[in-house]
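Encoded as C-alpha cells, the structure appears first; notes follow it.
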Amino acid sequence: MGSHIKSQSSVDSNFTRHLPKVELHAHLTGSISPQTLHDIWLERKGQDPSMELDDPLKVMSTEKEHFNVFTFFPLFDTYIYNLITSVSSIRQSTLAVLQSFYADGVRYLELRTTPRAVPGTSISKQIYISTVLDCMDEFFQSSGNDMSIYLILSIDRKNAAEEAAQTVDLAIEFRNQGRPVVGVDLCGNPARGDVSTFRVAFAKAKDAGLKITLHFAEIPASSTEDELRALLSYQPDRLGHVIHVPPKFKEEIVEKKLGLELCLSCNVLAKLTEGGFAEHHFGEWQKTGCPIALGTDDVGVFGSSLSNEYLLAGQHFSLTKADLLGLSRSAIECMFGGNEEKDKMYKLLNDFQELKSASP
Ligand code: IMP
Ligand code: ZN
C-alpha cells in the first residue's frame with residue numbers, strides 16, 4: 001500500500017534520471033553532443049588551420065532558432081559528415097554517445113546509423129560499421145555489461161533501390177559480429193524519395209529475420225495514402241513519429257499493436273507538431289494500447305536527454321511515477337533484442353520500483 005501511494009507522487013528529474021530506461025530511437029550522428037563535435041573540430045583545426053568548417057558550438061548553439069525540417073537534414077550532409085571523417089573521430093564520437101546514454105540511466109540501447117563511406121579515405125561502409133560495432137562492444141564490456149547495446153542500420157530515403165538493398169546485405173553480414181545488428185530502419189528527409197523504391201530491400205530484411213522500424217508520417221507530404229500503405233506493407237515491427245496518421249491507418253496500427261517510437265522534443269522543437277508539448281500526439285496514442293517507447297531521436301541537436309523526455313511526458317500529461325514506470329515497461333515490449341533482454345529490463349525496473357518504495 002505504502003509503495004502504491006508513493007508511486008502516485010509527481011515526477012521529478014531525479015526520478016526520471018534514475019529510472020532504468022530503454023532507448024530505441026536514437027540516430028548515432030544526431031546524438032553527438034556539440035561539445036564532442038567541438039573537440040573533434042579543435043583537433044582537426046590544429047592539424048589543418050585552413051579547414052573551413054565553423055565551430056560546432058556556434059553552428060549547433062541551442063540559443064539560436066531551432067533546426068526545422070528544412071535546415072535539419074543538410075546539417076548532416078554538409079556539415080557533421082565533413083567533420084567526422086576519420087576512424088579516430090568515429091570512435092571518439094561513438095564512445096561519447098554511448099557514455100552519455102549510460103550516464104543518463106539508459107540500460108538498453110538500440111542505436112541506429114546510416115552506413116557511410118568517407119570519400120577520399122579508405123573508410124568504406126564496412127569499416128564504418130565495424131568501427132561503430134567495436135566501440136559498442138568495448139563500451140558494453142567496460143560498463144560491466146550494464147547497458148545492453150544493439151545496432152540498427154538505416155536506409156536513407158534518398159537512397160536508390162540498390163543502395164537500400166546493400167544496407168540490408170550489410171545488416172545480414174554484420175548481424176553476429178560484435179554487438180548484434182537487430183534490424184533496419186527507414187529514415188532521412190521525409191520531403192524526399194519514393195518509399196516504394198524500397199520494397200525489395202525490406203522484403204529481403206524480413207526474409208532474413210531482421211526487425212523493421214520505419215519513420216512514419218513525419219510531415220503531411222510523407223503521409224499520403226500511397227506512402228503509408230506501402231510502408232505498412234513492409235510489415236514493420238515498429239513505427240517512428242506517427243504524426244500525421246489518417247484514422248484508417250491509425251486503426252490498422254492499433255489493431256496490429258505496433259510499437260511506437262515517440263520523440264517529444266524533436267517534434268516540438270523542429271515544429272513538426274503544433275501546440276507545444278501539451279498537444280503532442282503522445283496524448284492520443286497513449287490511449288490506444290499500442291506500446292510506446294519515448295526516444296530522443298537526435299539529442300546532440302535538440303539537447304533533450306531521454307530522462308528529460310520522460311520528465312516532459314510526466315509534466316505535460318500529468319503522469320505519476322507509477323505511470324512513468326508503466327511507460328518504461330511499455331518500451332520493453334518494443335525491444336528488438338529478444339526475451340532474455342526483456343526479462344533483464346523488467347527485473348531492473350522491478351528492483352528500481354522496490355527500492356523507490358522502500359526509500360523514505
Ligand atoms: P546517422 O544515420 O547516424 O548518420 O544519423 C544521422 C541521420 O539520421 C540523418 O542523416 C538523417 O537521415 C537521419 N535522421 C535523424 N533524425 C531524423 C528524423 O527526425 N527523421 C528522419 N531521419 C532522421
Ligand atoms: Zn528519427
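Within each chain, counting starts at residue 1; across the C-alpha cells, chains are named A, B, ... in the order shown, with ligands numbered 1 upward in that order.
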- Item | Selection: 9 Å around segment 60-70 of chain A, only C-alpha atoms, excl. self and same-chain fewer than 3 positions, as a PyMOL selection string | chain A and resi 34+55-57+73-75+189-191+219+269-272+300-303
What do you get as a compact mmCIF listing (two decimals) with C-alpha atoms, in the first residue's frame if you pick all residues at most 12 Å from ligand 2, counting only C-alpha atoms and all ligand atoms?
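result_7.txt was written with the following content:
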```
# COMPACT_ATOMS: atom_id res chain seq x y z
CA GLU A 23 16.18 3.98 -25.78
CA LEU A 24 15.01 2.68 -29.15
CA HIS A 25 15.04 5.73 -31.39
CA ALA A 26 18.43 7.44 -31.48
CA HIS A 27 20.45 8.28 -34.59
CA LEU A 28 24.15 7.95 -33.87
CA THR A 29 25.37 11.06 -35.70
CA GLY A 30 22.48 13.18 -34.43
CA SER A 31 23.26 12.06 -30.88
CA VAL A 69 12.69 20.13 -41.30
CA PHE A 72 17.96 19.84 -40.18
CA PHE A 73 18.90 17.33 -42.90
CA LEU A 111 21.34 2.85 -31.69
CA ARG A 112 20.80 3.36 -35.41
CA THR A 113 23.12 4.67 -38.06
CA THR A 114 23.32 5.00 -41.84
CA ILE A 152 20.06 -0.86 -36.37
CA SER A 154 19.34 2.93 -41.55
CA ILE A 155 18.27 3.19 -45.15
CA ASP A 156 18.06 6.82 -46.19
CA ASP A 185 15.27 1.49 -40.38
CA LEU A 186 13.97 3.90 -42.98
CA CYS A 187 14.93 7.49 -42.20
CA GLY A 188 16.03 10.66 -43.97
CA ASN A 189 14.36 13.79 -45.24
CA PRO A 190 10.62 12.98 -45.41
CA THR A 213 11.32 0.10 -37.99
CA LEU A 214 10.16 2.94 -40.21
CA HIS A 215 9.94 6.72 -39.85
CA PHE A 216 6.23 7.12 -40.50
CA ALA A 217 4.03 10.13 -41.30
CA GLU A 218 6.51 12.76 -40.13
CA LEU A 239 6.97 2.94 -36.35
CA GLY A 240 8.71 6.21 -35.55
CA HIS A 241 6.95 9.56 -35.01
CA VAL A 242 3.45 8.64 -36.38
CA LEU A 260 5.56 3.40 -31.44
CA GLU A 261 8.73 5.42 -31.04
CA LEU A 262 7.67 8.90 -29.95
CA CYS A 263 10.11 11.80 -29.74
CA LEU A 264 8.56 14.78 -27.99
CA SER A 265 11.31 17.41 -28.03
CA CYS A 266 12.43 16.68 -31.56
CA ASN A 267 8.85 17.06 -32.87
CA LEU A 294 9.88 7.51 -25.78
CA GLY A 295 13.05 8.33 -27.71
CA THR A 296 15.46 11.23 -28.11
CA ASP A 297 15.94 10.98 -31.90
CA ASP A 298 18.87 13.44 -32.02
CA VAL A 299 19.91 14.52 -28.54
CA VAL A 301 20.80 18.60 -31.97
CA PHE A 302 17.74 19.01 -29.75
```
- From a DSSP pass on the backbone, collect the residues of segment 55-149 of chain A flagged as strand (DSSP E or B) and hand them back as a ChimeraX atom specification. /A:106-113,148-149
Writing out the chosen residues with C-alpha atoms as a tab-separated table (two decimals), in the first residue's frame:
```tsv
chain	number	residue	atom	x	y	z
A	106	VAL	CA	19.70	4.15	-20.24
A	107	ARG	CA	20.16	0.43	-19.63
A	108	TYR	CA	19.09	-0.91	-23.01
A	109	LEU	CA	20.01	0.91	-26.19
A	110	GLU	CA	19.26	0.32	-29.85
A	111	LEU	CA	21.34	2.85	-31.69
A	112	ARG	CA	20.80	3.36	-35.41
A	113	THR	CA	23.12	4.67	-38.06
A	148	SER	CA	22.86	-3.71	-23.47
A	149	ILE	CA	23.61	-2.20	-26.87
```
Near Ile127 of chain A, within 9 Å and counting only C-alpha atoms, which residues show up once chain neighbours fewer than 5 positions away are dropped, as a CSV table (one decimal) with N, CA, C and O atoms, in the first residue's frame?
```
chain,number,residue,atom,x,y,z
A,87,VAL,N,38.7,7.3,-38.7
A,87,VAL,CA,38.3,6.2,-37.8
A,87,VAL,C,38.4,6.7,-36.3
A,87,VAL,O,37.5,6.5,-35.5
A,116,ARG,N,28.1,4.6,-43.9
A,116,ARG,CA,28.6,5.6,-44.8
A,116,ARG,C,30.1,5.4,-45.0
A,116,ARG,O,30.9,5.1,-44.1
A,117,ALA,N,30.5,5.5,-46.3
A,117,ALA,CA,31.9,5.5,-46.7
A,117,ALA,C,32.3,7.0,-46.6
A,117,ALA,O,31.5,7.9,-46.8
A,122,SER,N,40.1,5.7,-46.8
A,122,SER,CA,40.0,4.2,-47.0
A,122,SER,C,38.7,3.7,-46.3
A,122,SER,O,38.5,2.5,-46.2
A,132,VAL,N,31.9,1.2,-35.5
A,132,VAL,CA,30.9,1.5,-34.6
A,132,VAL,C,30.6,0.3,-33.7
A,132,VAL,O,30.5,0.4,-32.5
```
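With distances restricted to only C-alpha atoms, A:Tyr310 is the closest residue to Ser13 of chain A from A:Tyr310, A:Tyr128, A:Phe282, A:Phe317.
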Need the shell around Pro115 of chain A: protein/DNA/RNA residues with any atom at most 9 Å away, counting only C-alpha atoms. Skip same-chain ones fewer than 5 positions apart. Format as a compact mmCIF listing (two decimals) with N, CA and C atoms, in the first residue's frame?
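And here is the file that came out, result_16.txt:
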```txt
# COMPACT_ATOMS: atom_id res chain seq x y z
N SER A 124 35.38 2.54 -45.82
CA SER A 124 34.24 2.01 -46.58
C SER A 124 33.05 1.89 -45.63
N LYS A 125 31.90 1.53 -46.16
CA LYS A 125 30.73 1.30 -45.29
C LYS A 125 31.04 0.19 -44.29
N GLN A 126 31.75 -0.83 -44.76
CA GLN A 126 32.09 -1.95 -43.86
C GLN A 126 32.97 -1.46 -42.70
N TYR A 128 33.18 1.56 -41.58
CA TYR A 128 32.36 2.42 -40.72
C TYR A 128 31.56 1.55 -39.73
N ILE A 129 30.88 0.55 -40.24
CA ILE A 129 30.04 -0.29 -39.37
C ILE A 129 30.90 -1.03 -38.35
N LEU A 153 20.64 -0.65 -38.73
CA LEU A 153 21.20 0.09 -39.87
C LEU A 153 20.08 0.83 -40.60
N SER A 154 20.35 2.08 -40.92
CA SER A 154 19.34 2.93 -41.55
C SER A 154 19.50 2.99 -43.05
N ILE A 155 18.35 2.90 -43.71
CA ILE A 155 18.27 3.19 -45.15
C ILE A 155 17.80 4.63 -45.23
N THR A 167 22.37 -1.98 -47.88
CA THR A 167 22.30 -1.77 -46.41
C THR A 167 21.75 -3.03 -45.74
N LEU A 170 24.42 -5.55 -45.64
CA LEU A 170 25.38 -5.24 -44.58
C LEU A 170 24.84 -5.64 -43.21
```
- Query: Which residue out of A:Glu354, A:Asp237, A:Asp48, A:Glu251 has the minimum interatomic distance to Glu333 of chain A when only C-alpha atoms are used?
  - Reply: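 Smallest separation from Glu333 of chain A among the options: A:Asp237.
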- Please measure the separation of atom 6 (C, counted along the ligand's line) of ligand 1 and atom CA of Glu162 of chain A, giving the value in Å to one decimal.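 Spanning atom 6 (C, counted along the ligand's line) of ligand 1 to atom CA of Glu162 of chain A is a straight-line distance of 19.9 Å.
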- Message: Report as a ChimeraX atom specification all protein, DNA and RNA residues lying within 9 Å of Asp169 of chain A, evaluated on only C-alpha atoms, omitting residues in the same chain fewer than 5 positions from it.
- Response: /A:164,174,201,204-205
Output file for the residues above (C-alpha atoms, as an mmCIF file, in the first residue's frame):
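What follows is the written file result_13.cif:
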```
data_model
loop_
_atom_site.group_PDB
_atom_site.id
_atom_site.type_symbol
_atom_site.label_atom_id
_atom_site.label_comp_id
_atom_site.auth_asym_id
_atom_site.auth_seq_id
_atom_site.Cartn_x
_atom_site.Cartn_y
_atom_site.Cartn_z
ATOM 1 C CA ALA A 164 18.994 0.201 -49.795
ATOM 2 C CA PHE A 174 27.309 -7.876 -39.553
ATOM 3 C CA ALA A 201 15.089 -4.218 -49.651
ATOM 4 C CA LYS A 204 14.858 -9.131 -48.023
ATOM 5 C CA ALA A 205 15.240 -7.828 -44.472
#
```
- Note on the structure: Here atom CA of Leu306 of chain A and atom CA of Tyr102 of chain A stand apart by 10.5 Å
- atom CA of His244 of chain A to atom CA of Leu210 of chain A, distance in Å rounded to a single decimal: 26.7 Å
- Item | Nearest-residue call for Met51 of chain A, choices A:Gln286, A:Glu138, A:Leu83, A:Arg17, using only C-alpha atoms | A:Leu83
- Query: Which residue, A:Cys334, A:Leu98, A:Leu53, A:Ile80, has the smallest gap to ligand 1 when you use only C-alpha atoms and all ligand atoms?
  - Reply: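 Once distances to ligand 1 are computed over only C-alpha atoms and all ligand atoms, the minimum belongs to A:Ile80.
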